[in-house]
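A quick write-up on the structure given underneath.
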There are 2 protein chains.
Amino acid sequence: MELKLCVSKSLSRPFCNSSHIVGRKAPQLCSCKGNFTKASYLSTSGNGMSLVAKERVMVDTYSFRMNGNNGASPNIYFSKRVLDYLDDEYGGVVINPENLPSNPSVFASVLRSSLSRWMLMGKKGVWLKLPLEKSELVPIAVKEGFQYHHAERRYLMMTYWIPEGPCMLPDNASHQVGVGSFVINENNEVLVVQEKHTAPALTGLWKLPTGFIQESEEIFTGAVREVKEETGIDTEFIEVVAFRHAQNVAFQKSDLFFVCMLRPLSNQIMIDDIEVQAAKWMPLDEFTEQPLIQSDNMFKKIIDICIARLGKKYCGLNVHPVVSKFDGKLSSLYYNIVDAPDSNCQTTSL
Amino acid sequence: MELKLCVSKSLSRPFCNSSHIVGRKAPQLCSCKGNFTKASYLSTSGNGMSLVAKERVMVDTYSFRMNGNNGASPNIYFSKRVLDYLDDEYGGVVINPENLPSNPSVFASVLRSSLSRWMLMGKKGVWLKLPLEKSELVPIAVKEGFQYHHAERRYLMMTYWIPEGPCMLPDNASHQVGVGSFVINENNEVLVVQEKHTAPALTGLWKLPTGFIQESEEIFTGAVREVKEETGIDTEFIEVVAFRHAQNVAFQKSDLFFVCMLRPLSNQIMIDDIEVQAAKWMPLDEFTEQPLIQSDNMFKKIIDICIARLGKKYCGLNVHPVVSKFDGKLSSLYYNIVDAPDSNCQTTSL
């Protein structure tokens with residue numbers, strides 16, 4: 001009984017199966033919806049679960065008829081075990097990682113019979129989460145035709161696409177997200193740092209505090225946190241003034257970097273001496289006149305934008321919490337305040 | 001000879017080792033720099049390679065002195081094989097996946113002696129890329145203390161942190177990125193679609209074309225492509241007018257969704273009947289008056305923003321190609337044109 005391999009496709013394809021288009025395309029303005037339900041068994045927070053399991057399935061044995069030799073041989077009836085699994089909303093199954101056979105050869109046998117069973121049931125995507133502690137099951141799943149989907153330190157997610165035709169399973173995360181913070185005080189001094197460990201070409205450069213946002217962290221809170229960690233300065237987020245999109249930065253993934261304007265709420269600098277060599281309040285002119293900044297188109301443009309914003313000659317995007325009924329999520333929407341009295345974005349056409 | 005496990009840390013930590021802070025913090029305005037160099041062996045495009053290998057290393061055998069029993073026993077000299085590897089720029093090593101022993105027990109032995117050797121050399125992060133075809137080596141690496149880092153369909157990246165103290169290796173991608181396109185013609189009609197496969201609650205909704213951006217695709221080209229694929233309409237990107245940041249959407253990853261305004265360049269609709277049930281030009285009033293839009297705060301706000309932008313009462317961010325000397329990358333910087341005659345962002349303070 002031949003099963004098809006899952007062929008890699010681009011990010012643009014629909015979700016795990018046609019129904020996933022709903023998740024991907026629904027107007028809740030989220031790139032993605034359905035597939036975290038598929039990952040519910042894998043969820044560290046269990047809160048996806050209620051969204052997932054239309055039906056809890058526990059099949060110990062079943063019987064089916066299998067035609068050998070292209071149906072030439074007599075039909076054979078027999079019985080097999082099936083792995084504990086949940087149906088997802090999209091015609092796929094999510095194998096329960098808590099209930100996997102510990103014996104590799106038993107796992108191999110039950111996985112094979114489970115795939116046969118799910119094929120007969122017309123299932124599509126199969127999701128198998130293998131904790132690090134069960135790594136010996138990885139090559140067995142690969143032998144059965146599973147591929148890797150994504151991994152975190154303590155688990156590997158594997159997938160199998162049953163139907164004929166191209167695999168419609170969603171891809172994993174595609175981007176890293178970082179923030180840089182422009183913090184300027186009432187004396188027109190910019191908060192700058194010197195990296196402790198820097199490339200020779202950048203030695204002596206005074207730069208804006210930057211860093212990654214943490215898992216599940218907001219852009220506006222990440223910017224404030226990074227400034228606090230590196231300089232000890234408390235700040236208030238004002239706007240995202242610009243962002244950069246760069247390709248193939250880390251592990252062939254892309255990078256989004258948000259330039260934020262923050263208002264300082266304190267003045268006393270206390271550096272993080274793991275990351276930062278020095279930090280100080282630097283006169284804006286002195287900061288922008290640094291050769292390494294003047295000679296770099298992008299960095300110079302960023303500073304021009306921040307200065308324009310200070311003069312209310314520029315409109316960044318500020319953050320607003322919103323809840324969409326389509327996924328019930330509290331999320332952050334970044335936009336200008338339109339026609340608000342305090343907006344710096346009143347336009348000449350008003 | 002005990003080696004330390006790599007303890008998971010947050011995204012905010014420095015890169016693989018202290019030097020990685022350069023990559024993470026450098027003012028090239030990219031969240032990340034160094035770690036794609038670590039992945040060079042893994043790069044499908046080989047172009048990272050020149051950036052990586054300070055020194056090509058091929059060690060067949062070496063001798064070192066090991067003190068057993070905390071140095072109580074006499075010193076023993078012996079010889080071991082070491083896996084083929086490259087030094088990365090950050091005190092780590094990248095194992096050559098092309099040159100791994102095919103015999104699992106040989107791999108186990110050589111991996112163990114390699115780790116001992118690298119520890120004696122003061123190495124930090126160890127990167128092991130295992131192609132799908134070599135999955136039988138995964139449990140062996142786990143037994144030696146490796147953890148998963150990330151995976152794509154055809155390979156699994158594993159890491160090992162040698163030094164005392166917390167693991168400083170970078171995390172993998174954290175976000176998915178999608179786009180939604182507001183396309184309006186000179187008759188004040190919005191380009192809308194009905195999904196072919198939709199949740200019952202959304203049945204009958206006419207919505208904006210949306211979708212994921214593809215791997216290594218720009219936001220502005222992804223928006224144009226999705227509109228073309230779903231509706232057959234050619235468009236020109238104008239601006240990102242807003243974006244939404246949502247947490248824990250897919251596999252505990254986050255989601256960034258960019259709302260784009262596009263100008264139509266054609267009028268004849270031809271739908272993609274895999275994803276889309278129907279597409280049409282819908283009068284703006286009729287579009288916004290749909291109950292499912294009127295009853296959703298976020299979606300209503302997005303439409304308000306787009307309408308304000310049409311009236312030049314709003315400033316989105318348009319795209320500008322820039323090259324930064326700090327990474328030499330051609331990337332896309334999204335910002336307003338400041339004080340440009342054709343800008344819609346002239347402010348009252350001008």
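Residue names in the structure tokens use chain letters A, B, ... in the order shown, residue numbers from 1 in each chain, and ligand numbers from 1 in the order shown.
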
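Omitting Lys124 (chain B) and its sequence neighbours fewer than 6 positions away, and counting only C-alpha atoms, the residues within 7 Å are Gly91, Gly92, Trp161, Ile162 and Pro163 of chain B.
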
Identify, on the basis of only C-alpha atoms, every residue whose closest approach to Asp304 (chain A) does not exceed 12 Å; exclude the query and any residue fewer than 4 positions from it along the same chain; express the result as a PyMOL selection string.
(chain A and resi 182+241-242+284-285+287-289+293-294+297-300+308-311+313-314) or (chain B and resi 335-339)

Name the residues in contact with Phe237 (chain A) at a cut-off of 9 Å, using only C-alpha atoms, excluding same-chain residues fewer than 6 positions from it; report them as an MDAnalysis selection string.
chainID A and resid 220:221 223:224 260:264 318:319

For those residues, write C-alpha atoms to a file as a tab-separated table (two decimals), in the first residue's frame.
chain	number	residue	atom	x	y	z
A	220	PHE	CA	6.73	47.97	21.86
A	221	THR	CA	7.56	46.12	25.08
A	223	ALA	CA	12.03	47.94	22.59
A	224	VAL	CA	11.48	49.25	26.13
A	260	CYS	CA	11.09	52.58	17.41
A	261	MET	CA	10.97	56.05	18.93
A	262	LEU	CA	10.87	56.02	22.72
A	263	ARG	CA	10.52	58.77	25.31
A	264	PRO	CA	12.93	58.58	28.26
A	318	ASN	CA	1.72	53.83	17.07
A	319	VAL	CA	0.30	50.78	18.78

List the spatial neighbours of Leu265 (chain B) as a list of chain:residue names - criterion: any atom at most 8 Å away, only C-alpha atoms, same-chain residues fewer than 3 positions off excluded.
B:Ile233, B:Asp234, B:Thr235, B:Glu236

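Pairwise distance (CA of Asn96 (chain B), CA of Leu130 (chain B)) equals 9.6 Å.
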
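If you measure from each of B:Ile213, B:Val93, B:Leu156, B:Met270 to Val126 (chain B) using only C-alpha atoms, the closest one turns out to be B:Val93.
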
Go ahead and compute the interatomic distance for CA of Met168 (chain B) and CA of Val177 (chain A), in Å to one decimal.
17.7 Å

Show which residues sit within 12 Å of Trp118 (chain A), as a list in words. Count only C-alpha atoms, and ignore same-chain residues fewer than 5 positions away.
Leu3, Val57, Val59, Tyr62, Phe64, Arg81, Val82, Leu83, Asp84, Tyr85, Leu86, Asp87, Gly91, Gly92, Val93, Val94, Ile95, Val110, Leu111, Arg112, Ser113, Lys123, Lys124, Gly125, Val126, Tyr160, Trp161, Ile162 and Pro163 of chain A

Write out the residues from the selection above, keeping N, CA and C atoms, as an mmCIF file, in the first residue's frame.
data_model
loop_
_atom_site.group_PDB
_atom_site.id
_atom_site.type_symbol
_atom_site.label_atom_id
_atom_site.label_comp_id
_atom_site.auth_asym_id
_atom_site.auth_seq_id
_atom_site.Cartn_x
_atom_site.Cartn_y
_atom_site.Cartn_z
ATOM 1 N N LEU A 3 2.212 4.986 -0.007
ATOM 2 C CA LEU A 3 1.781 6.296 0.488
ATOM 3 C C LEU A 3 2.712 7.349 -0.097
ATOM 4 N N VAL A 57 -10.363 10.759 19.461
ATOM 5 C CA VAL A 57 -10.426 9.418 18.879
ATOM 6 C C VAL A 57 -9.447 8.496 19.586
ATOM 7 N N VAL A 59 -8.622 4.577 19.009
ATOM 8 C CA VAL A 59 -8.924 3.335 18.325
ATOM 9 C C VAL A 59 -7.883 2.304 18.717
ATOM 10 N N TYR A 62 -8.833 -2.153 14.577
ATOM 11 C CA TYR A 62 -9.852 -2.018 13.550
ATOM 12 C C TYR A 62 -9.555 -3.070 12.492
ATOM 13 N N PHE A 64 -9.663 -3.808 8.268
ATOM 14 C CA PHE A 64 -9.895 -3.258 6.938
ATOM 15 C C PHE A 64 -9.460 -4.273 5.899
ATOM 16 N N ARG A 81 -3.337 -2.199 15.382
ATOM 17 C CA ARG A 81 -3.484 -1.121 16.359
ATOM 18 C C ARG A 81 -3.295 0.214 15.647
ATOM 19 N N VAL A 82 -3.881 1.242 16.230
ATOM 20 C CA VAL A 82 -3.723 2.585 15.684
ATOM 21 C C VAL A 82 -3.244 3.498 16.804
ATOM 22 N N LEU A 83 -2.331 4.394 16.481
ATOM 23 C CA LEU A 83 -1.816 5.330 17.471
ATOM 24 C C LEU A 83 -2.941 6.231 17.983
ATOM 25 N N ASP A 84 -2.825 6.608 19.222
ATOM 26 C CA ASP A 84 -3.758 7.553 19.825
ATOM 27 C C ASP A 84 -3.625 8.897 19.111
ATOM 28 N N TYR A 85 -4.746 9.458 18.692
ATOM 29 C CA TYR A 85 -4.656 10.717 17.930
ATOM 30 C C TYR A 85 -5.916 11.546 18.098
ATOM 31 N N LEU A 86 -5.795 12.815 17.665
ATOM 32 C CA LEU A 86 -6.931 13.717 17.572
ATOM 33 C C LEU A 86 -7.158 14.061 16.105
ATOM 34 N N ASP A 87 -8.420 14.239 15.737
ATOM 35 C CA ASP A 87 -8.698 14.847 14.441
ATOM 36 C C ASP A 87 -8.437 16.340 14.548
ATOM 37 N N GLY A 91 -9.109 17.897 8.351
ATOM 38 C CA GLY A 91 -9.013 16.607 7.711
ATOM 39 C C GLY A 91 -7.724 15.871 8.023
ATOM 40 N N GLY A 92 -6.969 16.408 8.961
ATOM 41 C CA GLY A 92 -5.713 15.766 9.339
ATOM 42 C C GLY A 92 -5.807 15.135 10.712
ATOM 43 N N VAL A 93 -4.720 14.520 11.144
ATOM 44 C CA VAL A 93 -4.669 13.923 12.472
ATOM 45 C C VAL A 93 -3.431 14.416 13.208
ATOM 46 N N VAL A 94 -3.593 14.545 14.534
ATOM 47 C CA VAL A 94 -2.491 14.944 15.401
ATOM 48 C C VAL A 94 -2.234 13.782 16.359
ATOM 49 N N ILE A 95 -1.095 13.138 16.187
ATOM 50 C CA ILE A 95 -0.759 11.992 17.026
ATOM 51 C C ILE A 95 -0.442 12.463 18.443
ATOM 52 N N VAL A 110 2.979 0.013 14.564
ATOM 53 C CA VAL A 110 1.704 0.704 14.802
ATOM 54 C C VAL A 110 1.617 1.964 13.937
ATOM 55 N N LEU A 111 2.750 2.632 13.716
ATOM 56 C CA LEU A 111 2.732 3.821 12.854
ATOM 57 C C LEU A 111 2.324 3.427 11.442
ATOM 58 N N ARG A 112 2.892 2.320 10.963
ATOM 59 C CA ARG A 112 2.577 1.864 9.600
ATOM 60 C C ARG A 112 1.090 1.545 9.483
ATOM 61 N N SER A 113 0.576 0.823 10.458
ATOM 62 C CA SER A 113 -0.847 0.442 10.368
ATOM 63 C C SER A 113 -1.738 1.656 10.567
ATOM 64 N N LYS A 123 -7.896 10.679 5.499
ATOM 65 C CA LYS A 123 -7.180 11.733 6.213
ATOM 66 C C LYS A 123 -6.117 12.364 5.306
ATOM 67 N N LYS A 124 -5.686 13.570 5.704
ATOM 68 C CA LYS A 124 -4.704 14.290 4.872
ATOM 69 C C LYS A 124 -3.381 14.447 5.610
ATOM 70 N N GLY A 125 -3.204 15.553 6.316
ATOM 71 C CA GLY A 125 -1.932 15.776 7.000
ATOM 72 C C GLY A 125 -1.849 15.000 8.309
ATOM 73 N N VAL A 126 -0.688 14.436 8.596
ATOM 74 C CA VAL A 126 -0.443 13.745 9.866
ATOM 75 C C VAL A 126 0.672 14.493 10.601
ATOM 76 N N TYR A 160 3.438 14.151 7.716
ATOM 77 C CA TYR A 160 3.240 13.193 6.627
ATOM 78 C C TYR A 160 2.003 13.618 5.867
ATOM 79 N N TRP A 161 2.104 13.681 4.554
ATOM 80 C CA TRP A 161 0.976 14.086 3.724
ATOM 81 C C TRP A 161 0.451 12.869 2.990
ATOM 82 N N ILE A 162 -0.744 12.449 3.327
ATOM 83 C CA ILE A 162 -1.275 11.185 2.813
ATOM 84 C C ILE A 162 -1.784 11.259 1.367
ATOM 85 N N PRO A 163 -2.584 12.280 1.019
ATOM 86 C CA PRO A 163 -3.239 12.210 -0.299
ATOM 87 C C PRO A 163 -2.267 12.279 -1.470
#

Mind checking which residues fall within 6 Å of region 243-253 of chain B, counting only C-alpha atoms, ignoring those fewer than 2 positions away in the same chain, and posting them as a ChimeraX atom specification?
/A:35-36,39,216,331-334 /B:174-175,255-259

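Residue-level DSSP output for region 98-135 of chain A, from the backbone, shows strand (DSSP E) at A:Gly125, A:Val126, A:Trp127, A:Leu128, A:Lys129, A:Leu130, A:Pro131.
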
Please save all heavy atoms of the selected residues as a JSON list (two decimals), in the first residue's frame.
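Output below, filename out18.json:
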[["chain", "number", "residue", "atom", "x", "y", "z"],
["A", 125, "GLY", "N", -3.20, 15.55, 6.32],
["A", 125, "GLY", "CA", -1.93, 15.78, 7.00],
["A", 125, "GLY", "C", -1.85, 15.00, 8.31],
["A", 125, "GLY", "O", -2.83, 14.90, 9.05],
["A", 126, "VAL", "N", -0.69, 14.44, 8.60],
["A", 126, "VAL", "CA", -0.44, 13.74, 9.87],
["A", 126, "VAL", "C", 0.67, 14.49, 10.60],
["A", 126, "VAL", "O", 1.72, 14.79, 10.02],
["A", 126, "VAL", "CB", -0.02, 12.28, 9.64],
["A", 126, "VAL", "CG1", 0.25, 11.58, 10.97],
["A", 126, "VAL", "CG2", -1.09, 11.54, 8.84],
["A", 127, "TRP", "N", 0.41, 14.81, 11.87],
["A", 127, "TRP", "CA", 1.36, 15.57, 12.69],
["A", 127, "TRP", "C", 1.89, 14.68, 13.80],
["A", 127, "TRP", "O", 1.12, 14.14, 14.58],
["A", 127, "TRP", "CB", 0.67, 16.81, 13.28],
["A", 127, "TRP", "CG", 0.22, 17.76, 12.21],
["A", 127, "TRP", "CD1", -0.94, 17.70, 11.51],
["A", 127, "TRP", "CD2", 0.94, 18.88, 11.69],
["A", 127, "TRP", "NE1", -1.00, 18.72, 10.59],
["A", 127, "TRP", "CE2", 0.15, 19.46, 10.69],
["A", 127, "TRP", "CE3", 2.19, 19.45, 12.00],
["A", 127, "TRP", "CZ2", 0.56, 20.59, 9.97],
["A", 127, "TRP", "CZ3", 2.59, 20.57, 11.29],
["A", 127, "TRP", "CH2", 1.78, 21.12, 10.29],
["A", 128, "LEU", "N", 3.20, 14.56, 13.86],
["A", 128, "LEU", "CA", 3.85, 13.72, 14.86],
["A", 128, "LEU", "C", 4.89, 14.55, 15.60],
["A", 128, "LEU", "O", 5.89, 14.97, 15.02],
["A", 128, "LEU", "CB", 4.54, 12.52, 14.18],
["A", 128, "LEU", "CG", 5.43, 11.65, 15.05],
["A", 128, "LEU", "CD1", 4.63, 10.98, 16.16],
["A", 128, "LEU", "CD2", 6.15, 10.59, 14.19],
["A", 129, "LYS", "N", 4.62, 14.80, 16.88],
["A", 129, "LYS", "CA", 5.57, 15.55, 17.70],
["A", 129, "LYS", "C", 6.39, 14.56, 18.53],
["A", 129, "LYS", "O", 5.83, 13.80, 19.31],
["A", 129, "LYS", "CB", 4.84, 16.51, 18.64],
["A", 129, "LYS", "CG", 5.78, 17.32, 19.52],
["A", 129, "LYS", "CD", 5.02, 18.08, 20.58],
["A", 129, "LYS", "CE", 5.93, 18.99, 21.39],
["A", 129, "LYS", "NZ", 5.22, 19.67, 22.49],
["A", 130, "LEU", "N", 7.70, 14.57, 18.33],
["A", 130, "LEU", "CA", 8.57, 13.65, 19.06],
["A", 130, "LEU", "C", 9.44, 14.44, 20.04],
["A", 130, "LEU", "O", 10.30, 15.21, 19.62],
["A", 130, "LEU", "CB", 9.45, 12.86, 18.09],
["A", 130, "LEU", "CG", 8.71, 11.86, 17.20],
["A", 130, "LEU", "CD1", 9.65, 11.21, 16.20],
["A", 130, "LEU", "CD2", 8.01, 10.80, 18.06],
["A", 131, "PRO", "N", 9.21, 14.26, 21.33],
["A", 131, "PRO", "CA", 10.05, 14.92, 22.32],
["A", 131, "PRO", "C", 11.51, 14.46, 22.17],
["A", 131, "PRO", "O", 11.76, 13.37, 21.64],
["A", 131, "PRO", "CB", 9.47, 14.44, 23.66],
["A", 131, "PRO", "CG", 8.12, 13.88, 23.35],
["A", 131, "PRO", "CD", 8.19, 13.40, 21.94]]

When distances are computed from only C-alpha atoms, which of A:Thr198, A:Gln277, A:Ser102, A:Ser181 shows the smallest separation from Ile238 (chain A)?
A:Ser181

As a PyMOL selection string, list the residues of region 192-266 of chain B assigned to helix (DSSP H, G or I) by DSSP on the backbone atoms of this structure.
chain B and resi 200-202+219-231

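From CA of Asp171 (chain B) back to CA of Pro139 (chain A), the distance works out to 24.5 Å.
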
Exercise: Thr210 (chain A) partners within 7 Å, only C-alpha atoms, chain neighbours under 2 positions left out, as a ChimeraX atom specification
/A:179-181,208,226 /B:25

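Each of A:Asp273, A:Glu286, A:Glu189, A:Glu215 was compared to chain B using only C-alpha atoms, and A:Glu215 turns out to be the nearest.
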